[in-house]
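Next comes input.csv, a file with CSV, C-alpha atoms.
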chain,number,residue,atom,x,y,z
V,1168,PHE,CA,0.0,0.0,0.0
V,1169,PHE,CA,2.7,2.5,1.0
V,1170,ILE,CA,4.8,1.6,-2.1
V,1171,THR,CA,1.8,2.4,-4.2
V,1172,LEU,CA,1.5,5.8,-2.5
V,1173,PHE,CA,5.2,6.4,-3.1
V,1174,PHE,CA,4.9,5.9,-6.8
V,1175,VAL,CA,1.7,8.0,-6.9
V,1176,GLY,CA,3.6,10.8,-5.1
V,1177,LEU,CA,6.5,10.4,-7.5
V,1178,GLY,CA,4.3,10.7,-10.5
V,1179,MET,CA,2.8,13.9,-9.2
V,1180,GLN,CA,6.3,15.4,-9.2
V,1181,ILE,CA,6.7,15.0,-12.9
V,1182,PRO,CA,6.5,18.3,-14.6
V,1183,THR,CA,5.0,18.9,-18.1
V,1184,PRO,CA,7.4,17.0,-20.3
V,1185,SER,CA,9.3,18.7,-23.0
V,1186,LEU,CA,10.1,17.2,-26.4
V,1187,GLY,CA,13.8,17.2,-25.4
V,1188,ALA,CA,13.2,15.2,-22.2
V,1189,ILE,CA,11.1,12.6,-24.0
V,1190,MET,CA,13.7,12.2,-26.8
V,1191,LYS,CA,16.5,11.8,-24.2
V,1192,ALA,CA,14.3,9.2,-22.4
V,1193,VAL,CA,13.9,7.3,-25.7
V,1194,LEU,CA,17.7,7.2,-26.2
V,1195,VAL,CA,18.2,6.0,-22.6
V,1196,ALA,CA,15.6,3.3,-23.1
V,1197,ILE,CA,17.3,2.1,-26.3
V,1198,PHE,CA,20.7,2.1,-24.6
V,1199,ALA,CA,19.3,0.2,-21.6
V,1200,MET,CA,17.8,-2.5,-23.9
V,1201,ALA,CA,21.0,-2.8,-25.9
V,1202,ALA,CA,23.0,-3.1,-22.6
V,1203,ARG,CA,20.8,-6.1,-21.6
V,1204,TRP,CA,22.2,-8.1,-24.5
V,1205,ILE,CA,25.7,-7.7,-23.1
V,1206,GLY,CA,24.8,-8.1,-19.4
V,1207,ILE,CA,22.2,-10.9,-19.7
V,1208,PHE,CA,22.5,-12.6,-23.1
V,1209,SER,CA,26.3,-13.1,-22.9
V,1210,VAL,CA,26.2,-14.4,-19.3
V,1211,VAL,CA,23.4,-16.9,-20.0
V,1212,TRP,CA,25.0,-18.1,-23.2
V,1213,MET,CA,28.5,-18.5,-21.7
V,1214,LEU,CA,27.0,-20.5,-18.9
V,1215,GLY,CA,25.6,-23.0,-21.4
V,1216,GLY,CA,22.0,-21.8,-21.5
V,1217,GLY,CA,21.9,-21.7,-25.3
V,1218,SER,CA,21.0,-18.9,-27.6
V,1219,ARG,CA,17.2,-19.5,-27.2
V,1220,LEU,CA,17.2,-19.2,-23.5
V,1221,ALA,CA,19.6,-16.3,-23.5
V,1222,ALA,CA,17.6,-14.3,-26.0
V,1223,VAL,CA,14.2,-15.0,-24.3
V,1224,SER,CA,15.7,-14.0,-20.9
V,1225,THR,CA,17.1,-10.8,-22.3
V,1226,ILE,CA,13.8,-9.8,-23.9
V,1227,ASN,CA,11.9,-10.6,-20.7
V,1228,LEU,CA,14.2,-8.5,-18.6
V,1229,SER,CA,14.3,-5.5,-20.9
V,1230,GLN,CA,12.7,-3.0,-18.5
V,1231,ILE,CA,14.5,-1.1,-15.8
V,1232,SER,CA,13.9,-1.6,-12.1
V,1233,GLU,CA,11.6,0.7,-10.1
V,1234,PHE,CA,14.4,0.9,-7.5
V,1235,ALA,CA,16.2,3.2,-9.9
V,1236,LEU,CA,13.4,5.7,-9.4
V,1237,VAL,CA,13.7,5.4,-5.6
V,1238,ILE,CA,17.5,6.0,-5.8
V,1239,CYS,CA,17.1,9.0,-8.1
V,1240,SER,CA,14.3,10.4,-5.9
V,1241,LEU,CA,16.7,10.3,-2.9
V,1242,GLY,CA,19.5,11.7,-5.0
V,1243,MET,CA,17.3,14.7,-6.0
V,1244,SER,CA,16.3,15.3,-2.4
V,1245,TYR,CA,20.0,15.5,-1.5
V,1246,GLY,CA,20.8,17.7,-4.4
V,1247,HIS,CA,23.0,15.2,-6.2
V,1248,ILE,CA,20.9,15.2,-9.4
V,1249,ASP,CA,18.5,17.8,-10.9
V,1250,GLU,CA,14.8,17.5,-11.6
V,1251,GLU,CA,15.4,16.9,-15.3
V,1252,THR,CA,17.4,13.8,-14.7
V,1253,LEU,CA,14.5,12.3,-12.6
V,1254,THR,CA,12.0,13.3,-15.3
V,1255,ILE,CA,14.1,11.5,-18.0
V,1256,LEU,CA,14.4,8.4,-15.8
V,1257,ILE,CA,10.6,8.3,-15.0
V,1258,TRP,CA,9.8,8.5,-18.7
V,1259,THR,CA,12.4,5.9,-19.5
V,1260,PHE,CA,10.8,3.6,-16.9
V,1261,SER,CA,7.4,4.2,-18.4
V,1262,ILE,CA,8.5,3.6,-22.0
V,1263,LEU,CA,10.2,0.3,-21.1
V,1264,ALA,CA,7.4,-0.8,-18.8
V,1265,VAL,CA,4.8,-0.4,-21.7
V,1266,ALA,CA,7.2,-1.8,-24.4
V,1267,SER,CA,8.2,-4.9,-22.3
V,1268,SER,CA,4.6,-6.0,-21.9
V,1269,TYR,CA,4.4,-6.4,-25.6
V,1270,LEU,CA,7.9,-7.8,-26.0
V,1271,ILE,CA,7.4,-10.5,-23.4
V,1272,GLY,CA,4.2,-11.6,-25.2
V,1273,SER,CA,6.2,-12.1,-28.4
V,1274,ASN,CA,9.5,-13.1,-27.0
V,1275,TYR,CA,9.8,-16.4,-28.8
V,1276,ALA,CA,8.6,-14.9,-32.1
V,1277,ILE,CA,11.3,-12.2,-31.7
V,1278,TYR,CA,13.9,-14.8,-31.0
V,1279,GLY,CA,12.9,-16.8,-34.2
V,1280,MET,CA,13.1,-13.6,-36.3
V,1281,LEU,CA,16.5,-12.6,-34.9
V,1282,SER,CA,17.8,-16.1,-35.4
V,1283,ASN,CA,16.7,-16.2,-39.0
V,1284,ILE,CA,18.3,-12.7,-39.6
V,1285,ARG,CA,21.5,-13.9,-38.0
V,1286,ARG,CA,21.7,-17.0,-40.2
V,1287,ARG,CA,21.0,-15.0,-43.4
V,1288,ILE,CA,23.6,-12.3,-42.5
V,1289,VAL,CA,26.3,-14.7,-41.3
V,1290,GLY,CA,25.4,-17.4,-43.7
V,1291,THR,CA,25.7,-20.2,-41.1
V,1292,LYS,CA,23.6,-23.4,-41.1
V,1293,ALA,CA,21.1,-24.2,-38.5
V,1294,GLN,CA,22.7,-25.4,-35.3
V,1295,VAL,CA,21.9,-29.0,-34.4
V,1296,ILE,CA,23.5,-30.9,-31.5
V,1297,GLY,CA,23.0,-34.6,-31.1
V,1298,ASP,CA,22.5,-37.6,-33.4
V,1299,ARG,CA,22.1,-36.4,-36.9
V,1300,LEU,CA,20.9,-39.4,-38.8
V,1301,GLY,CA,21.7,-40.3,-42.4
V,1302,MET,CA,25.2,-38.8,-42.3
V,1303,ASP,CA,27.4,-40.0,-39.5
V,1304,ASP,CA,25.9,-43.3,-38.5
V,1305,GLU,CA,28.6,-45.8,-37.5
V,1306,GLY,CA,28.8,-49.4,-36.2
V,1307,ASP,CA,25.6,-51.2,-35.8
V,1308,ASP,CA,23.4,-48.2,-35.5
V,1309,HIS,CA,22.0,-48.3,-39.0
V,1310,VAL,CA,18.4,-48.8,-38.0
V,1311,ASP,CA,15.8,-47.0,-40.1
V,1312,ARG,CA,14.6,-44.4,-37.7
V,1313,ASN,CA,11.6,-43.2,-39.6
V,1314,ILE,CA,9.5,-41.9,-36.7
V,1315,VAL,CA,10.3,-38.3,-35.6
V,1316,ILE,CA,8.9,-36.8,-32.4
V,1317,LEU,CA,8.9,-33.0,-32.4
V,1318,GLY,CA,9.2,-31.7,-28.8
V,1319,PHE,CA,9.5,-33.9,-25.8
V,1320,HIS,CA,7.1,-33.6,-22.8
V,1321,LYS,CA,4.7,-35.8,-20.8
V,1322,ILE,CA,2.9,-37.6,-23.6
V,1323,ALA,CA,6.1,-38.4,-25.4
V,1324,ALA,CA,7.7,-39.6,-22.2
V,1325,MET,CA,4.8,-41.9,-21.5
V,1326,LEU,CA,4.8,-43.1,-25.1
V,1327,ILE,CA,8.5,-44.2,-24.8
V,1328,ALA,CA,7.8,-45.8,-21.4
V,1329,HIS,CA,4.9,-47.7,-23.0
V,1330,PHE,CA,7.1,-48.8,-25.9
V,1331,GLU,CA,9.7,-50.0,-23.4
V,1332,HIS,CA,7.2,-52.3,-21.8
V,1333,HIS,CA,5.1,-53.5,-24.7
V,1334,ASN,CA,7.0,-52.9,-28.0
V,1335,PRO,CA,10.7,-52.3,-27.3
V,1336,HIS,CA,11.6,-52.9,-30.9
V,1337,LEU,CA,9.9,-49.7,-31.8
V,1338,LEU,CA,12.4,-47.6,-29.8
V,1339,ALA,CA,14.9,-48.3,-32.6
V,1340,LYS,CA,12.7,-46.4,-35.0
V,1341,LEU,CA,12.3,-43.2,-32.8
V,1342,HIS,CA,14.2,-40.0,-33.2
V,1343,VAL,CA,13.5,-37.0,-30.9
V,1344,ILE,CA,14.1,-33.3,-31.7
V,1345,ASP,CA,13.7,-30.9,-28.8
V,1346,PHE,CA,14.8,-27.6,-27.3
V,1347,HIS,CA,16.2,-29.2,-24.2
V,1348,GLU,CA,19.6,-30.9,-24.4
V,1349,SER,CA,19.3,-32.3,-20.9
V,1350,ILE,CA,16.9,-35.1,-22.0
V,1351,MET,CA,19.5,-36.7,-24.4
V,1352,PRO,CA,21.3,-38.9,-21.9
V,1353,GLU,CA,18.1,-40.6,-20.7
V,1354,LEU,CA,16.8,-41.1,-24.2
V,1355,ARG,CA,20.1,-42.6,-25.4
V,1356,LYS,CA,20.0,-45.1,-22.5
V,1357,ARG,CA,16.8,-46.4,-24.0
V,1358,GLY,CA,18.1,-46.7,-27.5
V,1359,VAL,CA,16.3,-43.5,-28.8
V,1360,THR,CA,18.4,-41.1,-30.8
V,1361,CYS,CA,17.8,-37.4,-30.4
V,1362,ALA,CA,18.9,-33.9,-31.5
V,1363,TYR,CA,18.8,-30.5,-29.8
V,1364,GLY,CA,17.5,-27.7,-31.9
V,1365,ASP,CA,14.7,-25.3,-32.7
V,1366,ILE,CA,11.8,-27.4,-33.9
V,1367,SER,CA,10.1,-24.3,-35.4
V,1368,SER,CA,13.0,-23.9,-37.9
V,1369,PRO,CA,12.8,-25.9,-41.2
V,1370,ASP,CA,16.6,-25.7,-41.5
V,1371,VAL,CA,17.0,-27.4,-38.1
V,1372,LEU,CA,14.7,-30.2,-39.0
V,1373,GLU,CA,16.5,-30.8,-42.3
V,1374,HIS,CA,19.8,-31.1,-40.6
V,1375,ALA,CA,18.5,-33.1,-37.6
V,1376,HIS,CA,17.3,-36.0,-39.8
V,1377,HIS,CA,18.6,-36.8,-43.2
V,1378,GLY,CA,16.9,-40.2,-43.6
V,1379,GLU,CA,13.4,-41.2,-44.8
V,1380,VAL,CA,10.7,-40.1,-42.4
V,1381,ARG,CA,7.4,-41.9,-42.4
V,1382,LEU,CA,5.7,-40.5,-39.3
V,1383,VAL,CA,6.0,-37.1,-37.5
V,1384,ILE,CA,4.5,-36.6,-34.1
V,1385,SER,CA,3.9,-33.4,-32.2
V,1386,SER,CA,2.4,-34.4,-28.8
V,1387,ILE,CA,2.6,-31.0,-27.1
V,1388,SER,CA,-0.5,-28.8,-27.4
V,1389,ASP,CA,-0.4,-25.1,-28.3
V,1390,SER,CA,-1.1,-24.1,-24.6
V,1391,GLN,CA,2.3,-25.5,-23.7
V,1392,LEU,CA,4.3,-24.7,-26.8
V,1393,ARG,CA,6.2,-21.4,-26.9
V,1394,GLY,CA,7.1,-19.5,-30.1
V,1395,VAL,CA,5.4,-22.0,-32.4
V,1396,THR,CA,2.0,-23.7,-32.9
V,1397,ASN,CA,0.9,-27.2,-34.0
V,1398,LEU,CA,-0.4,-25.6,-37.2
V,1399,ARG,CA,3.1,-24.2,-37.9
V,1400,LEU,CA,4.8,-27.5,-37.1
V,1401,LEU,CA,2.3,-29.3,-39.4
V,1402,GLN,CA,3.2,-26.9,-42.3
V,1403,ILE,CA,7.0,-27.2,-41.6
V,1404,SER,CA,6.8,-31.0,-41.4
V,1405,LYS,CA,4.9,-31.2,-44.7
V,1406,GLN,CA,7.5,-28.9,-46.2
V,1407,VAL,CA,10.5,-30.9,-45.0
V,1408,TRP,CA,9.1,-34.4,-45.2
V,1409,PRO,CA,6.3,-34.2,-47.8
V,1410,GLN,CA,5.8,-38.0,-47.9
V,1411,ALA,CA,5.4,-38.4,-44.1
V,1412,ASP,CA,2.2,-38.8,-42.1
V,1413,VAL,CA,1.9,-36.1,-39.5
V,1414,ILE,CA,0.2,-36.4,-36.1
V,1415,VAL,CA,-0.4,-33.1,-34.2
V,1416,SER,CA,-2.2,-32.0,-31.0
V,1417,ALA,CA,-5.1,-29.7,-30.4
V,1418,ASP,CA,-6.8,-28.2,-27.3
V,1419,THR,CA,-10.2,-27.7,-28.8
V,1420,PRO,CA,-12.4,-29.2,-31.5
V,1421,LYS,CA,-12.1,-26.0,-33.5
V,1422,GLN,CA,-8.3,-26.3,-33.5
V,1423,ALA,CA,-8.6,-30.0,-34.5
V,1424,HIS,CA,-10.8,-29.1,-37.5
V,1425,LEU,CA,-8.4,-26.4,-38.5
V,1426,LEU,CA,-5.5,-28.8,-38.4
V,1427,TYR,CA,-7.4,-31.4,-40.4
V,1428,ASP,CA,-8.2,-28.8,-43.0
V,1429,HIS,CA,-4.5,-28.1,-43.4
V,1430,GLY,CA,-3.6,-31.7,-44.0
V,1431,ALA,CA,-3.1,-33.3,-40.6
V,1432,ASP,CA,-3.3,-37.1,-40.8
V,1433,TYR,CA,-4.5,-37.3,-37.1
V,1434,VAL,CA,-5.1,-34.8,-34.4
V,1435,LEU,CA,-4.6,-35.7,-30.7
V,1436,ARG,CA,-7.0,-34.2,-28.2
V,1437,THR,CA,-6.3,-35.1,-24.6
V,1438,ALA,CA,-9.9,-34.3,-23.5
V,1439,LYS,CA,-11.3,-36.6,-26.1
V,1440,LEU,CA,-8.9,-39.5,-25.3
V,1441,CYS,CA,-9.7,-39.2,-21.6
V,1442,ALA,CA,-13.4,-39.2,-22.3
V,1443,GLU,CA,-13.0,-42.4,-24.4
V,1444,ARG,CA,-11.1,-44.0,-21.6
V,1445,LEU,CA,-13.7,-43.1,-19.0
V,1446,HIS,CA,-16.4,-44.4,-21.3
V,1447,GLU,CA,-14.6,-47.7,-21.5
V,1448,LEU,CA,-14.2,-47.9,-17.7
V,1449,ILE,CA,-17.8,-46.9,-17.0
V,1450,ALA,CA,-19.2,-49.4,-19.5
V,1451,ASP,CA,-17.1,-52.2,-18.0
V,1452,HIS,CA,-18.2,-51.2,-14.5
V,1453,SER,CA,-21.9,-51.2,-15.6
V,1454,VAL,CA,-21.6,-54.6,-17.2
V,1455,HIS,CA,-19.7,-55.9,-14.1
V,1456,ALA,CA,-22.3,-54.5,-11.7
V,1457,THR,CA,-25.2,-55.9,-13.7
V,1458,HIS,CA,-23.7,-59.4,-13.9
V,1459,HIS,CA,-23.2,-59.6,-10.1
V,1460,HIS,CA,-26.7,-58.2,-9.5
V,1461,HIS,CA,-28.3,-60.9,-11.5
V,1462,ILE,CA,-26.5,-63.7,-9.7
V,1463,GLY,CA,-27.3,-62.2,-6.3
V,1464,GLU,CA,-23.7,-61.1,-5.3
V,1465,GLU,CA,-22.8,-57.9,-3.7
V,1466,VAL,CA,-20.3,-55.9,-5.8
V,1467,ARG,CA,-17.9,-53.3,-4.6
V,1468,LEU,CA,-17.4,-50.2,-6.8
V,1469,ASN,CA,-13.7,-50.8,-7.3
V,1470,ASN,CA,-14.0,-54.4,-8.3
V,1471,ALA,CA,-14.7,-53.5,-11.9
V,1472,PHE,CA,-11.5,-51.5,-12.1
V,1473,ILE,CA,-9.2,-54.3,-10.8
V,1474,ALA,CA,-8.3,-55.5,-14.3
V,1475,HIS,CA,-7.5,-52.0,-15.5
V,1476,LYS,CA,-5.4,-51.2,-12.4
V,1477,GLU,CA,-3.3,-54.4,-12.7
V,1478,LYS,CA,-2.8,-53.7,-16.4
V,1479,GLU,CA,-1.5,-50.2,-15.8
V,1480,ARG,CA,0.6,-51.2,-12.8
V,1481,GLU,CA,2.6,-53.4,-15.1
V,1482,GLN,CA,3.7,-50.3,-16.9
V,1483,ASP,CA,7.1,-48.9,-15.7
V,1484,TYR,CA,6.0,-45.3,-14.9
V,1485,HIS,CA,9.3,-44.7,-13.2
V,1486,THR,CA,10.8,-44.7,-16.6
V,1487,ALA,CA,8.7,-41.8,-17.8
V,1488,THR,CA,9.4,-39.9,-14.6
V,1489,ASN,CA,13.2,-40.2,-15.2
V,1490,LEU,CA,12.8,-38.9,-18.7
V,1491,LEU,CA,11.1,-35.7,-17.6
V,1492,VAL,CA,13.6,-34.9,-14.8

In structure tokens, what does this structure look like?
Amino acid sequence: FFITLFFVGLGMQIPTPSLGAIMKAVLVAIFAMAARWIGIFSVVWMLGGGSRLAAVSTINLSQISEFALVICSLGMSYGHIDEETLTILIWTFSILAVASSYLIGSNYAIYGMLSNIRRRIVGTKAQVIGDRLGMDDEGDDHVDRNIVILGFHKIAAMLIAHFEHHNPHLLAKLHVIDFHESIMPELRKRGVTCAYGDISSPDVLEHAHHGEVRLVISSISDSQLRGVTNLRLLQISKQVWPQADVIVSADTPKQAHLLYDHGADYVLRTAKLCAERLHELIADHSVHATHHHHIGEEVRLNNAFIAHKEKEREQDYHTATNLLV
């Protein structure tokens, strides 16, 4: 409450701004944003955070702190700075506060644009770290990995855990491309090859897998993706691997219809799949309860679920947990 009053009082001290003061504030704001790329981007990048994380962090922290206003206000009260300096800083704070709200909302899109501009200017190829199939395969690892998973999260982790338990031979057909390099060791332990790169970049996908691709899976919904959508991944996948079938994810029926209209071969909807599973459980419970009622036996509610519980307990869920750590 008192902090709010402090800033209200500070705002009441702002005189009618002149064009010169506003122009100086704009220059200070530009300098502050440019300095962030040295103070934040370079530090995150050198510590191994990667260019994507470094750029997004820099954009998210582009504003200046309100403590600068507090310090300048105290400096003016002691006569260390004049009123014009405080006015310039207040306007700088206001400009960056408004601008950063838009920049943060488009941080991943800005990163993608800057990344494309850098590649065009420098002329470098897309950076891909990991197992690039079709070029450097050695030894016995010549398996046709024709299933590509774009992005690795909960559903993909459970899928691999399910393959480990029921169809381990299919692990030799999987290749994962994701933003997070930390998942690679766990995936390789399970015989899954992987590559670290920007899945929203066609150049990255081309360099991440050079072999034939028959199936592309995007199991992360738009609500969890950043800087790209399933529609964009669908378009990129069809561009890079035109012969492949593409499975994408949607949050709503409207999104699902849109994806189908743009050529998706199948659209995952978590709500729909959960409803189908519940329908199966309820139907089994109803049949189970009716049978025991006819033969005069008392039935407990959970007896109908025993078969399903035992079946799912056979699944090694610890595997999926390790993959997401």

Exercise. So, counting all atoms listed in the file, which residue among V:Ala1438, V:Met1351, V:Ala1222, V:Val1415 is closest to Leu1401 of chain V?
Worked result: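 Checking each candidate against Leu1401 of chain V, we get V:Val1415 as the closest.
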
Exercise. Hey, which of V:Asn1313, V:Ala1196, V:Leu1392, V:Gln1402 ends up closest to Val1359 of chain V? Count only C-alpha atoms.
Worked result: V:Asn1313

Problem set entry | All residues 10 Å or closer to Ala1264 of chain V, only C-alpha atoms, same chain fewer than 6 positions away omitted, as a list in words | Ser1229, Gln1230, Ile1231, Ser1232, Glu1233 and Trp1258 of chain V

Problem set entry | Point-to-point distance in Å for atom CA of Thr1360 of chain V and atom CA of Arg1286 of chain V |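 Here the two named atoms are 26.1 Å from each other.
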
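The space separating atom CA of Glu1373 of chain V from atom CA of Val1407 of chain V comes to 6.6 Å.
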
For this session: Check the smallest atom-to-atom distance from each of V:Val1371, V:Phe1330, V:Arg1355, V:Leu1317 to Ile1414 of chain V using only C-alpha atoms, then report the winner.
Result: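 So, comparing all the options, the nearest one is V:Leu1317.
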
Problem set entry | d(atom CA of Asn1274 of chain V, atom CA of Ile1205 of chain V) in Å |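 If I compute the distance from atom CA of Asn1274 of chain V to atom CA of Ile1205 of chain V, I get 17.5 Å.
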
Seminar exercise, completed: Counting all atoms listed in the file, closest pick from V:Cys1361, V:Ala1417, V:Ile1255, V:Ile1366 relative to Gln1391 of chain V is V:Ala1417

For this session: Would you kindly return, as JSON, numbers by chain, each protein, DNA or RNA residue with an atom no farther than 12 Å from any atom of segment 1427-1437 of chain V, considering only C-alpha atoms and excluding same-chain residues fewer than 6 positions away?
Result: {"V": [1321, 1322, 1381, 1382, 1383, 1384, 1385, 1386, 1387, 1388, 1389, 1397, 1398, 1399, 1400, 1401, 1402, 1403, 1404, 1405, 1406, 1409, 1410, 1411, 1412, 1413, 1414, 1415, 1416, 1417, 1418, 1419, 1420, 1421, 1443, 1444]}

For this session: Measuring atom to atom with all atoms listed in the file, identify which of V:Leu1448, V:Leu1256, V:Val1210, V:Val1237 is nearest to Lys1191 of chain V.
Result: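 Checking each candidate against Lys1191 of chain V, we get V:Leu1256 as the closest.
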
Exercise. Could you pull the residues within 9 Å of Arg1219 of chain V, counting all atoms listed in the file, minus those fewer than 2 positions along the same chain, as a ChimeraX atom specification?
Worked result: /V:1212,1216-1217,1221-1224,1275,1278-1279,1282,1346,1365

Exercise. Looking at V:Thr1252, V:Ser1349, V:Ser1390, V:Thr1396, which one is nearest to Ser1367 of chain V, with distances taken over all atoms listed in the file?
Worked result: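 Residue with the minimum atom-to-atom distance to Ser1367 of chain V: V:Thr1396.
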